[in-house]
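Everything below belongs to final_1.csv, which stores CSV, C-alpha atoms.
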```csv
chain,number,residue,atom,x,y,z
A,701,MET,CA,8.7,5.3,-3.2
A,702,LYS,CA,10.9,2.6,-1.7
A,703,ILE,CA,8.7,0.3,0.4
A,704,LEU,CA,9.7,-2.6,2.7
A,705,ILE,CA,7.2,-5.5,3.1
A,706,SER,CA,7.2,-8.4,5.5
A,707,GLY,CA,5.0,-11.4,4.8
A,708,ALA,CA,5.1,-10.6,1.1
A,709,SER,CA,4.5,-14.2,0.2
A,710,GLY,CA,1.2,-14.4,2.0
A,711,LEU,CA,-2.3,-13.7,0.7
A,712,VAL,CA,-2.3,-10.0,1.7
A,713,GLY,CA,1.4,-9.4,1.3
A,714,ALA,CA,1.5,-10.7,-2.3
A,715,ALA,CA,-1.5,-8.7,-3.3
A,716,VAL,CA,-0.1,-5.5,-1.7
A,717,ALA,CA,3.3,-6.0,-3.3
A,718,GLN,CA,1.7,-6.6,-6.8
A,719,SER,CA,-0.4,-3.5,-6.5
A,720,LEU,CA,2.5,-1.3,-5.4
A,721,THR,CA,4.7,-2.7,-8.1
A,722,ASN,CA,2.0,-1.9,-10.7
A,723,ASP,CA,2.1,1.7,-9.4
A,724,HIS,CA,5.9,1.7,-10.0
A,725,HIS,CA,7.0,1.7,-6.4
A,726,GLU,CA,10.3,-0.2,-5.5
A,727,ILE,CA,9.5,-3.2,-3.3
A,728,ILE,CA,12.0,-4.7,-0.8
A,729,ARG,CA,11.0,-7.9,0.9
A,730,LEU,CA,11.9,-9.3,4.3
A,731,VAL,CA,12.7,-13.1,3.9
A,732,ARG,CA,13.7,-15.8,6.3
A,733,ARG,CA,16.2,-17.4,4.0
A,734,ALA,CA,19.4,-16.2,2.2
A,735,PRO,CA,18.5,-13.3,-0.1
A,736,ARG,CA,18.3,-14.1,-3.8
A,737,SER,CA,18.4,-10.6,-5.1
A,738,ARG,CA,19.0,-7.0,-4.0
A,739,GLU,CA,15.2,-6.7,-3.5
A,740,GLU,CA,15.4,-9.1,-0.5
A,741,ILE,CA,16.6,-8.7,3.1
A,742,GLU,CA,17.1,-11.5,5.5
A,743,TRP,CA,15.6,-11.5,9.0
A,744,ASN,CA,15.1,-14.1,11.8
A,745,PRO,CA,12.8,-12.8,14.6
A,746,ASP,CA,13.4,-15.9,16.6
A,747,ALA,CA,17.1,-15.2,16.7
A,748,ASN,CA,16.5,-11.4,17.0
A,749,LYS,CA,18.4,-10.8,13.7
A,750,LEU,CA,17.6,-8.4,10.9
A,751,ASP,CA,20.2,-7.2,8.3
A,752,ALA,CA,19.7,-3.4,8.6
A,753,SER,CA,22.3,-2.7,5.9
A,754,GLY,CA,19.7,-2.8,3.2
A,755,LEU,CA,17.2,-0.5,4.9
A,756,ASP,CA,18.7,2.8,3.8
A,757,HIS,CA,16.2,5.2,2.1
A,758,ILE,CA,13.2,3.0,2.9
A,759,GLU,CA,10.2,5.4,3.0
A,760,ALA,CA,7.4,3.2,4.1
A,761,VAL,CA,7.1,-0.3,5.7
A,762,VAL,CA,4.1,-2.7,5.5
A,763,HIS,CA,4.5,-5.4,8.2
A,764,LEU,CA,2.2,-8.4,7.7
A,765,ALA,CA,4.3,-11.4,8.9
A,766,GLY,CA,2.8,-13.8,11.4
A,767,GLU,CA,1.9,-17.5,12.0
A,768,SER,CA,-1.5,-18.5,10.6
A,769,ILE,CA,-4.1,-18.7,13.4
A,770,ALA,CA,-6.5,-20.9,11.4
A,771,SER,CA,-4.3,-23.7,10.4
A,772,GLY,CA,-3.7,-26.6,12.8
A,773,ARG,CA,-5.3,-27.2,16.2
A,774,TRP,CA,-4.3,-24.9,19.0
A,775,ASN,CA,-2.0,-26.3,21.6
A,776,ARG,CA,0.6,-24.7,23.8
A,777,GLU,CA,3.3,-24.8,21.1
A,778,LYS,CA,0.9,-23.5,18.4
A,779,LYS,CA,-0.2,-20.6,20.6
A,780,ALA,CA,3.4,-19.8,21.4
A,781,ARG,CA,4.2,-19.6,17.7
A,782,ILE,CA,1.1,-17.4,17.1
A,783,ARG,CA,2.2,-15.0,19.8
A,784,ASP,CA,6.0,-15.0,19.2
A,785,SER,CA,5.7,-14.6,15.4
A,786,ARG,CA,3.8,-11.4,15.9
A,787,VAL,CA,5.3,-9.9,19.0
A,788,LYS,CA,8.9,-10.8,18.5
A,789,GLY,CA,8.9,-9.9,14.8
A,790,THR,CA,7.1,-6.6,15.3
A,791,ARG,CA,9.4,-5.6,18.2
A,792,LEU,CA,12.6,-6.5,16.1
A,793,LEU,CA,11.4,-4.6,13.1
A,794,SER,CA,10.3,-1.6,15.1
A,795,GLU,CA,13.5,-1.3,17.1
A,796,THR,CA,15.6,-1.8,13.9
A,797,LEU,CA,13.7,1.0,12.2
A,798,ALA,CA,14.1,3.3,15.2
A,799,ASP,CA,17.9,2.8,15.1
A,800,LEU,CA,18.2,3.9,11.5
A,801,SER,CA,19.8,7.4,10.9
A,802,GLN,CA,16.8,8.1,8.7
A,803,PRO,CA,13.8,6.0,9.6
A,804,PRO,CA,10.8,5.6,7.3
A,805,ARG,CA,8.0,8.0,7.5
A,806,VAL,CA,5.3,5.4,8.1
A,807,LEU,CA,4.9,1.8,9.4
A,808,VAL,CA,1.6,0.1,8.5
A,809,SER,CA,1.6,-2.9,10.9
A,810,ALA,CA,-1.0,-5.7,10.9
A,811,SER,CA,-3.2,-6.4,13.9
A,812,ALA,CA,-6.6,-8.0,14.2
A,813,ILE,CA,-10.2,-7.4,15.5
A,814,GLY,CA,-9.4,-10.3,17.9
A,815,TYR,CA,-8.3,-7.3,20.0
A,816,TYR,CA,-12.0,-6.8,21.0
A,817,GLY,CA,-12.7,-10.4,22.1
A,818,ASP,CA,-16.2,-11.8,22.1
A,819,ARG,CA,-18.6,-8.8,22.5
A,820,GLY,CA,-22.0,-10.0,21.3
A,821,ASP,CA,-23.9,-7.3,19.4
A,822,GLU,CA,-22.0,-4.3,20.9
A,823,VAL,CA,-20.9,-1.9,18.2
A,824,LEU,CA,-17.1,-1.7,18.3
A,825,THR,CA,-15.0,1.2,17.1
A,826,GLU,CA,-11.3,2.0,17.5
A,827,GLU,CA,-12.1,3.6,20.8
A,828,SER,CA,-13.7,0.5,22.2
A,829,PRO,CA,-11.6,-1.1,25.1
A,830,GLU,CA,-9.7,-4.3,24.7
A,831,GLY,CA,-11.5,-7.6,25.2
A,832,ARG,CA,-10.6,-10.8,26.9
A,833,GLY,CA,-9.1,-14.1,25.6
A,834,PHE,CA,-5.9,-15.3,24.0
A,835,LEU,CA,-6.3,-13.4,20.8
A,836,ALA,CA,-7.1,-10.2,22.6
A,837,GLU,CA,-3.9,-10.6,24.7
A,838,VAL,CA,-1.8,-11.3,21.6
A,839,CYS,CA,-3.2,-8.2,19.8
A,840,ARG,CA,-2.5,-6.0,22.7
A,841,GLU,CA,1.2,-7.2,22.9
A,842,TRP,CA,1.4,-7.1,19.0
A,843,GLU,CA,0.4,-3.4,18.8
A,844,ALA,CA,2.5,-2.4,21.8
A,845,ALA,CA,5.6,-3.9,20.1
A,846,THR,CA,5.5,-1.0,17.6
A,847,GLY,CA,6.5,1.3,20.5
A,848,ALA,CA,10.1,1.9,19.5
A,849,ALA,CA,9.2,3.1,16.0
A,850,GLN,CA,6.5,5.4,17.4
A,851,GLU,CA,8.9,6.9,19.9
A,852,ARG,CA,11.4,7.6,17.1
A,853,GLY,CA,8.7,9.6,15.3
A,854,VAL,CA,7.6,7.1,12.7
A,855,ARG,CA,3.8,7.4,11.9
A,856,VAL,CA,2.5,4.0,12.9
A,857,THR,CA,-0.9,2.6,11.8
A,858,MET,CA,-2.1,-0.7,13.2
A,859,MET,CA,-4.6,-2.3,10.9
A,860,ARG,CA,-7.0,-4.5,12.8
A,861,PHE,CA,-8.0,-7.0,10.2
A,862,GLY,CA,-11.4,-8.8,10.2
A,863,MET,CA,-12.1,-11.9,8.1
A,864,ILE,CA,-10.4,-11.3,4.8
A,865,LEU,CA,-12.5,-12.5,1.8
A,866,SER,CA,-10.7,-13.8,-1.3
A,867,GLU,CA,-11.2,-16.6,-3.8
A,868,ARG,CA,-7.4,-17.1,-3.7
A,869,GLY,CA,-7.1,-18.3,-0.1
A,870,GLY,CA,-8.0,-17.7,3.5
A,871,ALA,CA,-11.2,-18.4,5.3
A,872,LEU,CA,-13.5,-18.3,2.3
A,873,THR,CA,-11.7,-21.0,0.4
A,874,LYS,CA,-11.9,-23.2,3.5
A,875,MET,CA,-15.7,-22.7,3.7
A,876,MET,CA,-16.4,-23.4,0.1
A,877,PRO,CA,-16.2,-27.2,-0.1
A,878,PRO,CA,-19.2,-28.0,2.3
A,879,PHE,CA,-21.2,-25.1,0.9
A,880,LYS,CA,-20.7,-26.3,-2.7
A,881,MET,CA,-21.8,-29.8,-1.7
A,882,GLY,CA,-25.0,-28.4,-0.1
A,883,VAL,CA,-24.1,-29.3,3.4
A,884,GLY,CA,-23.1,-25.9,4.7
A,885,GLY,CA,-25.0,-24.1,7.5
A,886,ARG,CA,-24.7,-21.7,10.4
A,887,ILE,CA,-22.2,-22.3,13.3
A,888,GLY,CA,-23.6,-22.4,16.8
A,889,SER,CA,-26.5,-20.0,17.4
A,890,GLY,CA,-25.6,-18.2,14.2
A,891,GLN,CA,-26.1,-14.9,16.1
A,892,GLN,CA,-22.4,-14.1,16.4
A,893,PHE,CA,-21.3,-11.2,14.2
A,894,ILE,CA,-18.8,-11.6,11.5
A,895,SER,CA,-16.8,-8.5,10.4
A,896,SER,CA,-15.3,-9.2,7.1
A,897,VAL,CA,-13.6,-7.3,4.3
A,898,ALA,CA,-12.7,-8.0,0.6
A,899,LEU,CA,-9.0,-8.5,-0.2
A,900,ASP,CA,-9.3,-5.7,-2.8
A,901,ASP,CA,-10.3,-3.3,0.0
A,902,VAL,CA,-7.5,-4.5,2.3
A,903,VAL,CA,-5.0,-3.7,-0.4
A,904,GLY,CA,-6.7,-0.3,-1.1
A,905,ALA,CA,-6.8,0.6,2.6
A,906,ILE,CA,-3.2,-0.2,3.2
A,907,ILE,CA,-2.1,1.9,0.3
A,908,HIS,CA,-4.5,4.6,1.6
A,909,ALA,CA,-2.9,4.4,5.0
A,910,ILE,CA,0.6,4.8,3.6
A,911,GLY,CA,-0.3,8.1,1.9
A,912,THR,CA,-2.7,9.6,4.5
A,913,GLU,CA,-0.8,11.6,7.1
A,914,SER,CA,-3.9,11.8,9.4
A,915,LEU,CA,-4.1,8.1,9.9
A,916,THR,CA,-2.2,6.9,13.0
A,917,GLY,CA,-2.8,4.4,15.7
A,918,ALA,CA,-5.4,1.6,15.5
A,919,ILE,CA,-7.5,1.3,12.3
A,920,ASN,CA,-10.4,-1.2,12.0
A,921,MET,CA,-9.9,-2.9,8.6
A,922,VAL,CA,-13.4,-4.2,8.0
A,923,ALA,CA,-16.2,-3.4,5.6
A,924,PRO,CA,-18.9,-1.1,7.0
A,925,ASN,CA,-21.7,-3.6,7.3
A,926,PRO,CA,-21.0,-6.6,9.5
A,927,VAL,CA,-23.5,-9.5,9.5
A,928,THR,CA,-24.4,-12.4,11.7
A,929,ASN,CA,-23.0,-15.8,10.9
A,930,GLU,CA,-26.6,-16.8,10.0
A,931,GLU,CA,-26.9,-14.0,7.5
A,932,PHE,CA,-23.4,-14.8,6.1
A,933,THR,CA,-24.5,-18.4,5.6
A,934,ARG,CA,-27.7,-17.3,3.8
A,935,VAL,CA,-25.9,-14.9,1.5
A,936,LEU,CA,-23.2,-17.5,0.6
A,937,GLY,CA,-25.7,-20.2,0.0
A,938,ARG,CA,-27.8,-17.9,-2.2
A,939,ILE,CA,-24.9,-16.9,-4.4
A,940,LEU,CA,-23.9,-20.5,-4.8
A,941,SER,CA,-27.5,-21.7,-5.3
A,942,ARG,CA,-27.1,-24.3,-2.5
A,943,PRO,CA,-29.2,-25.1,0.6
A,944,THR,CA,-27.8,-24.1,4.0
A,945,ILE,CA,-29.7,-26.3,6.3
A,946,PHE,CA,-27.0,-28.3,8.0
A,947,PRO,CA,-25.9,-26.3,11.1
A,948,LEU,CA,-22.7,-27.0,13.0
A,949,PRO,CA,-23.6,-27.1,16.7
A,950,ALA,CA,-21.3,-25.2,19.1
A,951,PHE,CA,-20.4,-28.5,20.9
A,952,ALA,CA,-19.4,-30.1,17.6
A,953,ALA,CA,-17.3,-27.1,16.7
A,954,ARG,CA,-15.5,-27.3,20.0
A,955,LEU,CA,-14.9,-31.0,19.6
A,956,ALA,CA,-13.5,-30.5,16.1
A,957,PHE,CA,-11.4,-27.3,16.7
A,958,GLY,CA,-10.9,-27.0,20.5
A,959,GLU,CA,-10.1,-23.5,21.9
A,960,MET,CA,-9.9,-22.1,18.4
A,961,ALA,CA,-13.7,-22.7,17.9
A,962,ASP,CA,-14.5,-20.2,20.8
A,963,GLU,CA,-12.0,-17.6,19.6
A,964,LEU,CA,-12.7,-17.7,15.9
A,965,LEU,CA,-15.9,-19.5,15.0
A,966,LEU,CA,-18.3,-18.7,17.9
A,967,SER,CA,-16.9,-15.3,19.0
A,968,SER,CA,-18.9,-12.2,18.0
A,969,ALA,CA,-17.3,-8.9,16.9
A,970,ARG,CA,-19.5,-6.2,15.4
A,971,VAL,CA,-16.8,-3.8,14.2
A,972,GLU,CA,-17.1,-0.5,12.3
A,973,PRO,CA,-14.3,1.0,10.2
A,974,ARG,CA,-15.0,4.5,11.6
A,975,ARG,CA,-11.5,6.0,11.2
A,976,LEU,CA,-11.0,4.7,7.7
A,977,LEU,CA,-14.4,6.2,6.6
A,978,GLU,CA,-13.6,9.5,8.4
A,979,SER,CA,-10.2,9.7,6.5
A,980,GLY,CA,-12.0,9.5,3.2
A,981,TYR,CA,-11.4,5.9,2.2
A,982,ARG,CA,-14.2,4.7,-0.1
A,983,PHE,CA,-14.8,0.9,0.0
A,984,ARG,CA,-15.1,-0.9,-3.2
A,985,TYR,CA,-17.3,-3.5,-1.6
A,986,ALA,CA,-19.2,-2.0,1.3
A,987,ASP,CA,-21.4,-5.0,1.9
A,988,LEU,CA,-21.0,-8.8,2.0
A,989,GLU,CA,-23.1,-9.7,-1.0
A,990,SER,CA,-21.3,-7.4,-3.4
A,991,ALA,CA,-18.0,-8.7,-2.2
A,992,LEU,CA,-18.9,-12.4,-2.5
A,993,ARG,CA,-20.6,-11.9,-5.9
A,994,SER,CA,-17.5,-10.2,-7.3
A,995,MET,CA,-15.5,-13.3,-6.2
A,996,LEU,CA,-17.9,-16.1,-6.8
A,997,GLY,CA,-20.5,-14.8,-9.2
```

Turn this file's structure into structure tokens for me.
Amino acid sequence: MKILISGASGLVGAAVAQSLTNDHHEIIRLVRRAPRSREEIEWNPDANKLDASGLDHIEAVVHLAGESIASGRWNREKKARIRDSRVKGTRLLSETLADLSQPPRVLVSASAIGYYGDRGDEVLTEESPEGRGFLAEVCREWEAATGAAQERGVRVTMMRFGMILSERGGALTKMMPPFKMGVGGRIGSGQQFISSVALDDVVGAIIHAIGTESLTGAINMVAPNPVTNEEFTRVLGRILSRPTIFPLPAFAARLAFGEMADELLLSSARVEPRRLLESGYRFRYADLESALRSMLG
């Protein structure tokens, strides 16, 4: 199968590309520079440019590109980059695919559980309504930007990612230094729910979505057993054999990270992967401890 990937140099994109290559699929990458081979296609969402000449016979698209939400303090410029990199890029890709004489069969497009906002201990499924806040607004616009491809008949799945766990990058590697030094602890009350998923399952679910005709629309890409921040802290400390007695108060998190603290660190989303489970996907790591032990044990 010939598969187009955006964001192929990122944590998830690189892992997906490697897995698909290992399974003998042909991978074409969208890049923001001049192509260095026939396996690369240049695009520039800010300039609304995408070279469609290399998109013939693409059978599936995995769209993962977007500005990191966890690097750098949020200000007006950073928030604009977060929104534009997702909405403009997705709209450009979707419209370009829709204009092809033979569009791909499926578009697997990234989204995030930020769609649900801060919801306390409410159990959230794909049918739950949109929440409030900056990330919820971005996710709504991000998902809506796939509209042209959907109207053209492309099967679109929007993967609402939770916290992706990997020893190779992302949130877990940023948490590790204080925990390894024995100064880790819960954040705020610790009662906010964290819905996470191992990178191996993210890759597995994306490949599952490519090949599963029944999967369309929003898909919660999280493991089945979300835990509170307090429980996450306990499990991580136990695996590392370190104490977890130094909490980070909510006011201190807000001083350090500003608006990002409320949206990422103090927000609660208790999310279930109902549609993935119903489609027959079997998680390799269905709980937090098994996922962390596989990476850190």

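When only C-alpha atoms are used to compute distances to Pro947 of chain A, the closest of the residues A:Phe879, A:Tyr815, A:Phe893, A:Phe983 turns out to be A:Phe879.
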
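The coordinates place atom CA of Gly710 of chain A at 23.3 Å from atom CA of Phe957 of chain A.
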
For this session: Counting all atoms listed in the file, find the residues whose atoms lie at most 7 Å from (-4.4, -4.6, 15.6) (file coordinates) and write them out as an MDAnalysis selection string.
Result: chainID A and resid 810:813 815 839 843 858:861 918

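Minimum distance to Ser771 of chain A across A:Asp987, A:Gly820, A:Lys874, A:Ala898 (counting only C-alpha atoms) occurs at A:Lys874.
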
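Coordinates place atom CA of Leu964 of chain A at a distance of 9.6 Å from atom CA of Gly817 of chain A.
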
For this session: Counting all atoms listed in the file, find the residues whose atoms lie at most 10 Å from (-23.9, -30.9, -0.3) (file coordinates) and write them out as a PyMOL selection string.
Result: chain A and resi 877-884+942-946

For this session: Would you mind listing what lies within 12 Å of Glu726 of chain A as a list in words, with only C-alpha atoms counted and same-chain residues fewer than 6 positions away left out?
Result: Met701, Lys702, Ile703, Leu704, Ile705, Ala717, Gln718, Ser719, Leu720, Arg738, Glu739, Glu740, His757, Ile758, Glu759, Ala760 and Val761 of chain A

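Atom CA of Ala836 of chain A to atom CA of Ala969 of chain A spans 11.8 Å [interatomic distance, one decimal].
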
Exercise. With all atoms listed in the file as the basis for distance, which of A:Val922, A:Ala765, A:Ala747, A:Leu730 is at the shortest distance from Gly862 of chain A?
Worked result: A:Val922

For this session: Measuring atom to atom with all atoms listed in the file, identify which of A:Ile894, A:Leu977, A:Ala991, A:Ala961 is nearest to Val823 of chain A.
Result: A:Ile894

Exercise. Which residue, A:Val971, A:Leu865, A:Ala714, A:Leu797, has the smallest gap to Asn925 of chain A when you use only C-alpha atoms?
Worked result: A:Val971

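In this comparison, which uses all atoms listed in the file, the residue of A:Val712, A:Ile919, A:Ala956, A:Ile939 approaching Arg975 of chain A most closely is A:Ile919.
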